[in-house]
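**Student:** Coordinates in entry16.cif, mmCIF, C-alpha atoms, pLDDT in the B column; chains and numbers go by the auth columns, are listed below.
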data_final
loop_
_atom_site.group_PDB
_atom_site.id
_atom_site.type_symbol
_atom_site.label_atom_id
_atom_site.label_comp_id
_atom_site.label_asym_id
_atom_site.label_seq_id
_atom_site.Cartn_x
_atom_site.Cartn_y
_atom_site.Cartn_z
_atom_site.B_iso_or_equiv
_atom_site.auth_seq_id
_atom_site.auth_asym_id
ATOM 1 C CA MET A 1 -54.228 -70.664 3.215 64.00 1 N
ATOM 2 C CA THR A 2 -57.813 -69.436 3.299 66.00 2 N
ATOM 3 C CA SER A 3 -58.641 -66.531 5.522 89.00 3 N
ATOM 4 C CA THR A 4 -61.274 -63.965 6.417 97.00 4 N
ATOM 5 C CA ALA A 5 -60.419 -60.292 6.708 98.00 5 N
ATOM 6 C CA ALA A 6 -62.049 -57.116 7.939 98.00 6 N
ATOM 7 C CA ILE A 7 -60.962 -53.855 6.351 98.00 7 N
ATOM 8 C CA ILE A 8 -61.418 -50.458 7.960 98.00 8 N
ATOM 9 C CA GLY A 9 -60.975 -47.417 5.735 96.00 9 N
ATOM 10 C CA SER A 10 -61.890 -49.370 2.613 97.00 10 N
ATOM 11 C CA THR A 11 -63.233 -46.312 0.793 95.00 11 N
ATOM 12 C CA GLY A 12 -60.019 -44.324 1.178 94.00 12 N
ATOM 13 C CA LEU A 13 -57.157 -44.215 -1.294 93.00 13 N
ATOM 14 C CA VAL A 14 -55.029 -46.996 0.226 96.00 14 N
ATOM 15 C CA GLY A 15 -57.919 -48.905 1.776 97.00 15 N
ATOM 16 C CA ASN A 16 -59.633 -49.221 -1.590 97.00 16 N
ATOM 17 C CA PHE A 17 -56.554 -50.963 -2.973 97.00 17 N
ATOM 18 C CA ILE A 18 -56.328 -53.222 0.069 98.00 18 N
ATOM 19 C CA LEU A 19 -59.922 -54.228 -0.580 98.00 19 N
ATOM 20 C CA SER A 20 -59.544 -54.818 -4.316 97.00 20 N
ATOM 21 C CA THR A 21 -56.336 -56.780 -3.719 97.00 21 N
ATOM 22 C CA THR A 22 -57.841 -59.106 -1.123 97.00 22 N
ATOM 23 C CA LEU A 23 -60.925 -59.647 -3.267 97.00 23 N
ATOM 24 C CA GLY A 24 -58.675 -60.785 -6.103 96.00 24 N
ATOM 25 C CA LEU A 25 -56.827 -63.415 -4.072 96.00 25 N
ATOM 26 C CA ASP A 26 -58.070 -66.951 -3.433 94.00 26 N
ATOM 27 C CA ALA A 27 -56.336 -66.782 -0.044 94.00 27 N
ATOM 28 C CA PHE A 28 -59.254 -64.700 1.267 96.00 28 N
ATOM 29 C CA LYS A 29 -62.683 -66.299 1.235 96.00 29 N
ATOM 30 C CA THR A 30 -64.700 -63.525 2.907 97.00 30 N
ATOM 31 C CA ILE A 31 -63.938 -59.821 3.211 98.00 31 N
ATOM 32 C CA TYR A 32 -65.826 -57.646 5.685 98.00 32 N
ATOM 33 C CA THR A 33 -65.778 -53.866 5.507 98.00 33 N
ATOM 34 C CA ILE A 34 -67.098 -51.191 7.846 98.00 34 N
ATOM 35 C CA SER A 35 -67.392 -47.724 6.366 97.00 35 N
ATOM 36 C CA ARG A 36 -69.559 -44.613 6.179 95.00 36 N
ATOM 37 C CA ARG A 37 -70.327 -45.210 2.520 95.00 37 N
ATOM 38 C CA ALA A 38 -70.377 -48.284 0.343 96.00 38 N
ATOM 39 C CA PRO A 39 -67.030 -49.412 -1.074 96.00 39 N
ATOM 40 C CA LYS A 40 -66.610 -49.295 -4.838 92.00 40 N
ATOM 41 C CA PRO A 41 -65.584 -52.911 -5.574 93.00 41 N
ATOM 42 C CA GLU A 42 -68.294 -55.546 -5.734 93.00 42 N
ATOM 43 C CA SER A 43 -67.851 -59.255 -5.147 96.00 43 N
ATOM 44 C CA PRO A 44 -69.725 -62.267 -3.758 97.00 44 N
ATOM 45 C CA LYS A 45 -66.902 -62.444 -1.203 97.00 45 N
ATOM 46 C CA LEU A 46 -67.645 -58.952 0.107 98.00 46 N
ATOM 47 C CA ALA A 47 -69.794 -58.382 3.190 98.00 47 N
ATOM 48 C CA ALA A 48 -70.025 -54.609 3.543 98.00 48 N
ATOM 49 C CA THR A 49 -71.452 -52.790 6.536 98.00 49 N
ATOM 50 C CA VAL A 50 -72.353 -49.165 5.865 98.00 50 N
ATOM 51 C CA GLU A 51 -72.648 -47.221 9.105 97.00 51 N
ATOM 52 C CA ALA A 52 -72.531 -43.438 9.226 96.00 52 N
ATOM 53 C CA ASP A 53 -72.005 -43.387 12.993 97.00 53 N
ATOM 54 C CA THR A 54 -68.363 -44.260 13.632 96.00 54 N
ATOM 55 C CA ALA A 55 -69.153 -44.711 17.339 96.00 55 N
ATOM 56 C CA LYS A 56 -70.811 -47.984 16.317 98.00 56 N
ATOM 57 C CA TRP A 57 -67.869 -49.343 14.340 98.00 57 N
ATOM 58 C CA ALA A 58 -66.201 -51.140 17.230 98.00 58 N
ATOM 59 C CA SER A 59 -69.413 -53.015 18.037 98.00 59 N
ATOM 60 C CA ASN A 60 -69.897 -53.734 14.328 98.00 60 N
ATOM 61 C CA LEU A 61 -66.443 -55.281 14.278 98.00 61 N
ATOM 62 C CA SER A 62 -67.060 -57.233 17.482 98.00 62 N
ATOM 63 C CA SER A 63 -70.267 -58.686 16.057 97.00 63 N
ATOM 64 C CA ILE A 64 -68.541 -60.468 13.173 98.00 64 N
ATOM 65 C CA ALA A 65 -68.781 -64.187 13.955 96.00 65 N
ATOM 66 C CA PRO A 66 -66.557 -66.015 13.835 96.00 66 N
ATOM 67 C CA PRO A 67 -64.037 -63.178 14.158 97.00 67 N
ATOM 68 C CA PRO A 68 -61.954 -62.451 11.072 98.00 68 N
ATOM 69 C CA SER A 69 -58.443 -63.822 10.898 97.00 69 N
ATOM 70 C CA VAL A 70 -57.057 -60.367 10.264 98.00 70 N
ATOM 71 C CA VAL A 71 -58.151 -56.749 10.563 98.00 71 N
ATOM 72 C CA LEU A 72 -56.493 -54.246 8.253 98.00 72 N
ATOM 73 C CA SER A 73 -56.920 -50.547 9.002 98.00 73 N
ATOM 74 C CA ALA A 74 -56.081 -47.805 6.556 97.00 74 N
ATOM 75 C CA LEU A 75 -58.407 -45.454 8.395 96.00 75 N
ATOM 76 C CA GLY A 76 -57.452 -41.809 8.411 90.00 76 N
ATOM 77 C CA THR A 77 -58.578 -38.312 7.535 85.00 77 N
ATOM 78 C CA THR A 78 -57.094 -34.844 7.244 80.00 78 N
ATOM 79 C CA ARG A 79 -57.267 -31.851 9.535 79.00 79 N
ATOM 80 C CA ALA A 80 -59.216 -29.915 6.910 81.00 80 N
ATOM 81 C CA ALA A 81 -61.729 -32.683 6.244 84.00 81 N
ATOM 82 C CA ALA A 82 -62.242 -33.328 9.965 82.00 82 N
ATOM 83 C CA GLY A 83 -62.642 -29.648 10.801 83.00 83 N
ATOM 84 C CA GLY A 84 -59.605 -29.263 13.023 87.00 84 N
ATOM 85 C CA ILE A 85 -56.875 -31.201 14.759 88.00 85 N
ATOM 86 C CA ALA A 86 -59.101 -32.284 17.664 91.00 86 N
ATOM 87 C CA ASN A 87 -61.591 -33.942 15.332 91.00 87 N
ATOM 88 C CA GLN A 88 -58.821 -35.494 13.277 93.00 88 N
ATOM 89 C CA TRP A 89 -57.402 -37.004 16.473 89.00 89 N
ATOM 90 C CA LYS A 90 -60.778 -38.653 17.156 94.00 90 N
ATOM 91 C CA ILE A 91 -60.543 -40.527 13.850 92.00 91 N
ATOM 92 C CA ASP A 92 -56.847 -41.071 13.241 93.00 92 N
ATOM 93 C CA HIS A 93 -56.028 -41.958 16.838 95.00 93 N
ATOM 94 C CA ASP A 94 -59.046 -42.659 19.035 96.00 94 N
ATOM 95 C CA LEU A 95 -61.126 -44.651 16.561 97.00 95 N
ATOM 96 C CA ASN A 96 -58.170 -46.715 15.379 97.00 96 N
ATOM 97 C CA VAL A 97 -57.252 -47.559 18.976 98.00 97 N
ATOM 98 C CA GLU A 98 -60.853 -48.419 19.812 98.00 98 N
ATOM 99 C CA LEU A 99 -61.058 -50.738 16.805 98.00 99 N
ATOM 100 C CA ALA A 100 -57.765 -52.411 17.675 98.00 100 N
ATOM 101 C CA LYS A 101 -59.021 -53.058 21.215 98.00 101 N
ATOM 102 C CA ALA A 102 -62.286 -54.448 19.886 98.00 102 N
ATOM 103 C CA ALA A 103 -60.406 -56.717 17.496 98.00 103 N
ATOM 104 C CA ARG A 104 -58.171 -58.030 20.274 98.00 104 N
ATOM 105 C CA ALA A 105 -61.127 -58.653 22.585 98.00 105 N
ATOM 106 C CA ALA A 106 -62.941 -60.522 19.803 98.00 106 N
ATOM 107 C CA GLY A 107 -60.023 -62.877 19.314 97.00 107 N
ATOM 108 C CA VAL A 108 -58.571 -61.486 16.089 98.00 108 N
ATOM 109 C CA LYS A 109 -55.062 -62.886 15.664 97.00 109 N
ATOM 110 C CA THR A 110 -53.523 -60.368 13.253 98.00 110 N
ATOM 111 C CA PHE A 111 -53.873 -56.595 13.078 98.00 111 N
ATOM 112 C CA VAL A 112 -52.442 -54.511 10.231 98.00 112 N
ATOM 113 C CA PHE A 113 -52.212 -50.736 10.462 98.00 113 N
ATOM 114 C CA VAL A 114 -51.215 -48.280 7.755 98.00 114 N
ATOM 115 C CA SER A 115 -49.323 -45.622 9.702 97.00 115 N
ATOM 116 C CA SER A 116 -46.966 -43.037 8.233 93.00 116 N
ATOM 117 C CA GLY A 117 -43.273 -42.618 7.595 89.00 117 N
ATOM 118 C CA GLY A 118 -41.366 -40.269 9.859 80.00 118 N
ATOM 119 C CA THR A 119 -43.502 -40.893 12.940 80.00 119 N
ATOM 120 C CA ARG A 120 -40.387 -41.739 14.940 77.00 120 N
ATOM 121 C CA GLY A 121 -38.006 -39.288 13.279 72.00 121 N
ATOM 122 C CA LEU A 122 -36.094 -36.478 14.924 64.00 122 N
ATOM 123 C CA GLY A 123 -38.520 -33.852 16.203 64.00 123 N
ATOM 124 C CA SER A 124 -41.578 -35.840 15.141 65.00 124 N
ATOM 125 C CA GLY A 125 -42.724 -36.222 18.740 68.00 125 N
ATOM 126 C CA SER A 126 -43.873 -32.607 18.786 72.00 126 N
ATOM 127 C CA LEU A 127 -45.983 -32.883 15.635 85.00 127 N
ATOM 128 C CA PRO A 128 -49.680 -33.703 16.183 84.00 128 N
ATOM 129 C CA TYR A 129 -49.917 -35.956 13.126 85.00 129 N
ATOM 130 C CA SER A 130 -46.890 -37.998 14.157 90.00 130 N
ATOM 131 C CA LYS A 131 -48.186 -38.230 17.721 92.00 131 N
ATOM 132 C CA MET A 132 -51.481 -39.630 16.427 93.00 132 N
ATOM 133 C CA LYS A 133 -49.843 -42.344 14.377 94.00 133 N
ATOM 134 C CA ALA A 134 -47.228 -43.201 17.007 94.00 134 N
ATOM 135 C CA GLY A 135 -49.973 -43.447 19.623 95.00 135 N
ATOM 136 C CA VAL A 136 -51.881 -45.977 17.547 97.00 136 N
ATOM 137 C CA GLU A 137 -48.715 -47.973 16.884 97.00 137 N
ATOM 138 C CA ASP A 138 -47.912 -48.091 20.597 97.00 138 N
ATOM 139 C CA SER A 139 -51.444 -49.193 21.466 98.00 139 N
ATOM 140 C CA ILE A 140 -51.342 -51.997 18.911 98.00 140 N
ATOM 141 C CA LYS A 141 -48.015 -53.185 20.273 98.00 141 N
ATOM 142 C CA ALA A 142 -49.336 -53.116 23.845 98.00 142 N
ATOM 143 C CA LEU A 143 -52.359 -55.209 22.868 98.00 143 N
ATOM 144 C CA ALA A 144 -49.976 -58.068 22.008 97.00 144 N
ATOM 145 C CA PHE A 145 -51.729 -59.540 18.991 98.00 145 N
ATOM 146 C CA ASP A 146 -50.369 -62.861 17.789 98.00 146 N
ATOM 147 C CA GLN A 147 -49.183 -60.822 14.826 98.00 147 N
ATOM 148 C CA ALA A 148 -49.108 -57.061 14.288 98.00 148 N
ATOM 149 C CA ILE A 149 -47.972 -55.409 11.069 98.00 149 N
ATOM 150 C CA ILE A 150 -47.282 -51.686 10.838 98.00 150 N
ATOM 151 C CA LEU A 151 -46.736 -49.967 7.495 98.00 151 N
ATOM 152 C CA ARG A 152 -44.913 -46.632 7.445 97.00 152 N
ATOM 153 C CA PRO A 153 -45.150 -45.327 3.883 96.00 153 N
ATOM 154 C CA GLY A 154 -43.720 -42.057 2.704 91.00 154 N
ATOM 155 C CA ILE A 155 -45.818 -39.752 0.546 88.00 155 N
ATOM 156 C CA ILE A 156 -48.871 -41.623 -0.734 90.00 156 N
ATOM 157 C CA LEU A 157 -49.250 -41.150 -4.475 87.00 157 N
ATOM 158 C CA GLY A 158 -52.607 -41.388 -6.162 81.00 158 N
ATOM 159 C CA ASP A 159 -55.707 -39.538 -7.233 76.00 159 N
ATOM 160 C CA ARG A 160 -58.075 -38.920 -4.319 68.00 160 N
ATOM 161 C CA GLU A 161 -61.766 -38.220 -4.733 67.00 161 N
ATOM 162 C CA VAL A 162 -61.253 -35.127 -2.607 65.00 162 N
ATOM 163 C CA PRO A 163 -57.672 -33.887 -3.091 59.00 163 N
ATOM 164 C CA HIS A 164 -55.709 -33.002 0.031 63.00 164 N
ATOM 165 C CA GLN A 165 -54.413 -29.454 0.251 59.00 165 N
ATOM 166 C CA GLY A 166 -51.147 -29.474 -1.683 56.00 166 N
ATOM 167 C CA GLY A 167 -51.576 -33.171 -2.447 65.00 167 N
ATOM 168 C CA PRO A 168 -51.669 -32.999 -6.257 67.00 168 N
ATOM 169 C CA LEU A 169 -48.589 -30.764 -6.273 68.00 169 N
ATOM 170 C CA MET A 170 -46.657 -33.095 -3.983 68.00 170 N
ATOM 171 C CA THR A 171 -47.722 -36.141 -5.996 70.00 171 N
ATOM 172 C CA GLY A 172 -46.533 -34.463 -9.174 68.00 172 N
ATOM 173 C CA LEU A 173 -43.192 -33.569 -7.637 72.00 173 N
ATOM 174 C CA VAL A 174 -42.514 -37.074 -6.315 72.00 174 N
ATOM 175 C CA ARG A 175 -43.625 -38.738 -9.536 73.00 175 N
ATOM 176 C CA GLY A 176 -41.358 -36.315 -11.355 71.00 176 N
ATOM 177 C CA LEU A 177 -38.419 -37.749 -9.409 72.00 177 N
ATOM 178 C CA GLY A 178 -39.198 -41.074 -11.033 67.00 178 N
ATOM 179 C CA LYS A 179 -38.294 -39.591 -14.396 78.00 179 N
ATOM 180 C CA ILE A 180 -34.804 -38.996 -13.034 84.00 180 N
ATOM 181 C CA GLY A 181 -34.602 -42.436 -11.434 72.00 181 N
ATOM 182 C CA GLN A 182 -37.113 -44.843 -9.954 84.00 182 N
ATOM 183 C CA GLY A 183 -34.945 -45.314 -6.898 73.00 183 N
ATOM 184 C CA LEU A 184 -35.130 -41.596 -6.180 74.00 184 N
ATOM 185 C CA GLN A 185 -38.919 -41.635 -6.254 80.00 185 N
ATOM 186 C CA ASP A 186 -38.975 -44.756 -4.096 82.00 186 N
ATOM 187 C CA ARG A 187 -37.111 -42.937 -1.337 81.00 187 N
ATOM 188 C CA PHE A 188 -39.889 -40.421 -0.875 78.00 188 N
ATOM 189 C CA GLY A 189 -43.185 -41.959 -1.906 86.00 189 N
ATOM 190 C CA ALA A 190 -45.151 -44.929 -3.144 89.00 190 N
ATOM 191 C CA GLU A 191 -48.250 -45.410 -5.212 91.00 191 N
ATOM 192 C CA ALA A 192 -51.317 -46.190 -3.122 95.00 192 N
ATOM 193 C CA GLU A 193 -51.741 -49.454 -5.016 96.00 193 N
ATOM 194 C CA VAL A 194 -48.234 -50.524 -4.019 97.00 194 N
ATOM 195 C CA ILE A 195 -48.941 -49.736 -0.361 98.00 195 N
ATOM 196 C CA GLY A 196 -52.198 -51.685 -0.475 98.00 196 N
ATOM 197 C CA ARG A 197 -50.499 -54.669 -2.054 98.00 197 N
ATOM 198 C CA ALA A 198 -47.686 -54.532 0.501 98.00 198 N
ATOM 199 C CA ALA A 199 -50.214 -54.670 3.345 98.00 199 N
ATOM 200 C CA VAL A 200 -51.895 -57.727 1.847 98.00 200 N
ATOM 201 C CA HIS A 201 -48.607 -59.413 0.880 98.00 201 N
ATOM 202 C CA ALA A 202 -47.296 -59.011 4.440 98.00 202 N
ATOM 203 C CA THR A 203 -50.574 -60.437 5.776 97.00 203 N
ATOM 204 C CA VAL A 204 -50.237 -63.524 3.589 97.00 204 N
ATOM 205 C CA LEU A 205 -46.590 -64.008 4.547 97.00 205 N
ATOM 206 C CA ALA A 206 -47.471 -63.743 8.226 97.00 206 N
ATOM 207 C CA ALA A 207 -50.214 -66.360 7.824 96.00 207 N
ATOM 208 C CA GLU A 208 -47.594 -68.643 6.273 95.00 208 N
ATOM 209 C CA GLY A 209 -45.331 -68.159 9.283 96.00 209 N
ATOM 210 C CA LYS A 210 -42.861 -65.999 7.356 97.00 210 N
ATOM 211 C CA ALA A 211 -43.106 -62.766 9.341 98.00 211 N
ATOM 212 C CA PRO A 212 -39.707 -61.817 10.814 97.00 212 N
ATOM 213 C CA SER A 213 -41.267 -60.876 14.164 98.00 213 N
ATOM 214 C CA LYS A 214 -44.599 -60.684 15.999 98.00 214 N
ATOM 215 C CA TYR A 215 -44.460 -56.887 15.674 98.00 215 N
ATOM 216 C CA TRP A 216 -43.411 -56.369 12.064 98.00 216 N
ATOM 217 C CA ILE A 217 -42.690 -52.846 10.859 98.00 217 N
ATOM 218 C CA LEU A 218 -42.579 -52.169 7.131 98.00 218 N
ATOM 219 C CA GLU A 219 -40.679 -49.025 6.283 96.00 219 N
ATOM 220 C CA GLN A 220 -40.768 -47.361 2.873 95.00 220 N
ATOM 221 C CA ALA A 221 -38.209 -49.703 1.270 95.00 221 N
ATOM 222 C CA ASP A 222 -40.043 -52.772 2.599 97.00 222 N
ATOM 223 C CA ILE A 223 -43.315 -51.478 1.181 98.00 223 N
ATOM 224 C CA ILE A 224 -41.781 -51.014 -2.273 97.00 224 N
ATOM 225 C CA ARG A 225 -40.261 -54.494 -2.112 97.00 225 N
ATOM 226 C CA LEU A 226 -43.422 -56.332 -1.015 98.00 226 N
ATOM 227 C CA GLY A 227 -45.915 -54.223 -2.928 97.00 227 N
ATOM 228 C CA ARG A 228 -44.078 -53.963 -6.228 95.00 228 N
ATOM 229 C CA ASP A 229 -40.767 -55.755 -6.635 94.00 229 N
ATOM 230 C CA GLU A 230 -41.864 -59.092 -5.113 96.00 230 N
ATOM 231 C CA TRP A 231 -45.560 -58.801 -5.846 94.00 231 N
ATOM 232 C CA LYS A 232 -47.138 -61.678 -7.707 84.00 232 N
ATOM 233 C CA ALA A 233 -50.838 -61.340 -8.442 68.00 233 N
#
Take the structure in the file and give it back as structure tokens.
**Tutor:**
Amino acid sequence: MTSTAAIIGSTGLVGNFILSTTLGLDAFKTIYTISRRAPKPESPKLAATVEADTAKWASNLSSIAPPPSVVLSALGTTRAAAGGIANQWKIDHDLNVELAKAARAAGVKTFVFVSSGGTRGLGSGSLPYSKMKAGVEDSIKALAFDQAIILRPGIILGDREVPHQGGPLMTGLVRGLGKIGQGLQDRFGAEAEVIGRAAVHATVLAAEGKAPSKYWILEQADIIRLGRDEWKA
């Protein structure tokens, strides 16, 4: 299998690992990225578009010819970084939906979206963050890609360039559970590298015809399994 991929959110914590993972695999011959700043990894396989105006991202994606085999989105921000819930919605929901629509219209066969665990849990429907993620998931499903893959990780562990409020404390607490038992930590969170690998591993499996369904949801346990336990570099 040789494939082309476009990655959205490649400069974020999980997206950076998706990018570095795809660059390291022979299965991907060309990797496109669209971001507000240049991604850290460098490679002859990387074709990076740096565009500060996110309103142009959908057209940037549509202009890739031929269209990539797969689009992977780990795009997201925080309420604090965006300057309020309304602005966060524009990125986490509206922009992701716009990009998914652009990908579908361009003929992209597979779309992968890093969502969040608990988006469908009891009472989650009243939480703005869950509503954002669930809305994107529903839009992707409605677009009827040949293959859609949704990842729903728990707490994302890793060192961010700009720490989220309470993020370092939560990361420390969840990693501390691993000292009691790895299985306990795995119930609540996963390293960003593991999530990135799981996204890529699922993409490869889908290309090989091994996805269990056209709309494949990876919950926390599936992410640990594909991104760590069954991962082979």
**Student:** Can you list what the PyMOL selection byres ((chain N and resi 112) around 8) grabs from this structure, as an MDAnalysis selection string?
**Tutor:** chainID N and resid 70:73 110:111 113:114 148:151 199 203
**Student:** Take the residues just selected and output them with C-alpha atoms as an mmCIF file, in the frame of the given file.
**Tutor:**
data_model
loop_
_atom_site.group_PDB
_atom_site.id
_atom_site.type_symbol
_atom_site.label_atom_id
_atom_site.label_comp_id
_atom_site.auth_asym_id
_atom_site.auth_seq_id
_atom_site.Cartn_x
_atom_site.Cartn_y
_atom_site.Cartn_z
ATOM 1 C CA VAL N 70 -57.057 -60.367 10.264
ATOM 2 C CA VAL N 71 -58.151 -56.749 10.563
ATOM 3 C CA LEU N 72 -56.493 -54.246 8.253
ATOM 4 C CA SER N 73 -56.920 -50.547 9.002
ATOM 5 C CA THR N 110 -53.523 -60.368 13.253
ATOM 6 C CA PHE N 111 -53.873 -56.595 13.078
ATOM 7 C CA PHE N 113 -52.212 -50.736 10.462
ATOM 8 C CA VAL N 114 -51.215 -48.280 7.755
ATOM 9 C CA ALA N 148 -49.108 -57.061 14.288
ATOM 10 C CA ILE N 149 -47.972 -55.409 11.069
ATOM 11 C CA ILE N 150 -47.282 -51.686 10.838
ATOM 12 C CA LEU N 151 -46.736 -49.967 7.495
ATOM 13 C CA ALA N 199 -50.214 -54.670 3.345
ATOM 14 C CA THR N 203 -50.574 -60.437 5.776
#
**Student:** Nearest residue to N:Pro68 out of N:Ser20, N:Asn96, N:Ser35, N:Thr4, using all atoms listed in the file?
**Tutor:**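 Closest to N:Pro68 of all the choices is N:Thr4.
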**Student:** For the atom pair atom CA of N:Arg79 and atom CA of N:Ser115, what is the interatomic distance in Å to one decimal place?
**Tutor:**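 So the answer is 15.9 Å.
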**Student:** Do a neighbour search on stretch 131-146 of chain N at 7 Å with all atoms listed in the file, toss out local chain neighbours closer than 4 positions, and write the hits as a VMD selection string.
**Tutor:** chain N and resid 89 92 to 93 96 to 97 100 104 109 to 111 115 to 116 119 125 127 214 to 215
**Student:** Could you list, as a PDB file with C-alpha atoms, keeping the file's coordinate frame, every residue within 9 Å of stretch 170-184 of chain N, counting all atoms listed in the file and ignoring same-chain residues fewer than 3 positions away?
**Tutor:**
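Wrote it out as around-v5.pdb, contents follow:
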ATOM      1  CA  ILE N 155     -45.818 -39.752   0.546  1.00 88.00           C
ATOM      2  CA  ILE N 156     -48.871 -41.623  -0.734  1.00 90.00           C
ATOM      3  CA  LEU N 157     -49.250 -41.150  -4.475  1.00 87.00           C
ATOM      4  CA  GLY N 158     -52.607 -41.388  -6.162  1.00 81.00           C
ATOM      5  CA  ASP N 159     -55.707 -39.538  -7.233  1.00 76.00           C
ATOM      6  CA  GLY N 166     -51.147 -29.474  -1.683  1.00 56.00           C
ATOM      7  CA  GLY N 167     -51.576 -33.171  -2.447  1.00 65.00           C
ATOM      8  CA  ARG N 187     -37.111 -42.937  -1.337  1.00 81.00           C
ATOM      9  CA  PHE N 188     -39.889 -40.421  -0.875  1.00 78.00           C
ATOM     10  CA  GLY N 189     -43.185 -41.959  -1.906  1.00 86.00           C
ATOM     11  CA  ALA N 190     -45.151 -44.929  -3.144  1.00 89.00           C
TER      12      ALA N 190
END
**Student:** Kindly give the distance, in Å, that separates atom CA of N:Leu99 and atom CA of N:Thr21, rounded to a single decimal.
**Tutor:**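 About the pair atom CA of N:Leu99 and atom CA of N:Thr21: they are 21.9 Å apart.
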**Student:** Around the point (-53.3, -31.0, 13.7) (coordinates from the file), which residues reach within 7 Å if we count all atoms listed in the file? Answer as number ranges by chain.
**Tutor:** N: 79, 84-85, 128-129
**Student:** Residues picked by the PyMOL selection byres ((chain N and resi 45-59) around 6) here, as number ranges by chain?
**Tutor:** N: 30-38, 43-44, 60-62, 99, 102
**Student:** Which residue out of N:Gly117, N:Gly83, N:Gly9, N:Gly15 has the minimum interatomic distance to N:Val194 when only C-alpha atoms are used?
**Tutor:** N:Gly15
**Student:** Select, from N:Gln220, N:Pro39, N:Arg197, N:Gly209, the residue with the minimum atom-to-atom distance to N:Lys232, counting only C-alpha atoms.
**Tutor:**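 Of the candidates, the smallest distance to N:Lys232 is held by N:Arg197.
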**Student:** So which one's closest to N:Glu42, N:Thr22, N:Leu95, N:Glu193, N:Ala27? Using only C-alpha atoms, please.
**Tutor:**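 Selected residue with least distance to N:Glu42: N:Thr22.
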**Student:** With only C-alpha atoms as the atoms that count, which of N:Gly154, N:Pro212, N:Gly196, N:Pro66 lies nearest to N:Ile7?
**Tutor:**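 Residue with the minimum atom-to-atom distance to N:Ile7: N:Gly196.
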**Student:** Step by step: start from the point (-50.2, -46.2, 1.5) in the file's coordinates, keep every protein, DNA or RNA residue that has an atom no farther than 6 Å from it, count only C-alpha atoms, and write the set as a ChimeraX atom specification.
**Tutor:** /N:14,153,156,192,195
**Student:** Could those selected residues go to a file with C-alpha atoms, as a PDB file, in the frame of the given file?
**Tutor:**
ATOM      1  CA  VAL N  14     -55.029 -46.996   0.226  1.00 96.00           C
ATOM      2  CA  PRO N 153     -45.150 -45.327   3.883  1.00 96.00           C
ATOM      3  CA  ILE N 156     -48.871 -41.623  -0.734  1.00 90.00           C
ATOM      4  CA  ALA N 192     -51.317 -46.190  -3.122  1.00 95.00           C
ATOM      5  CA  ILE N 195     -48.941 -49.736  -0.361  1.00 98.00           C
TER       6      ILE N 195
END
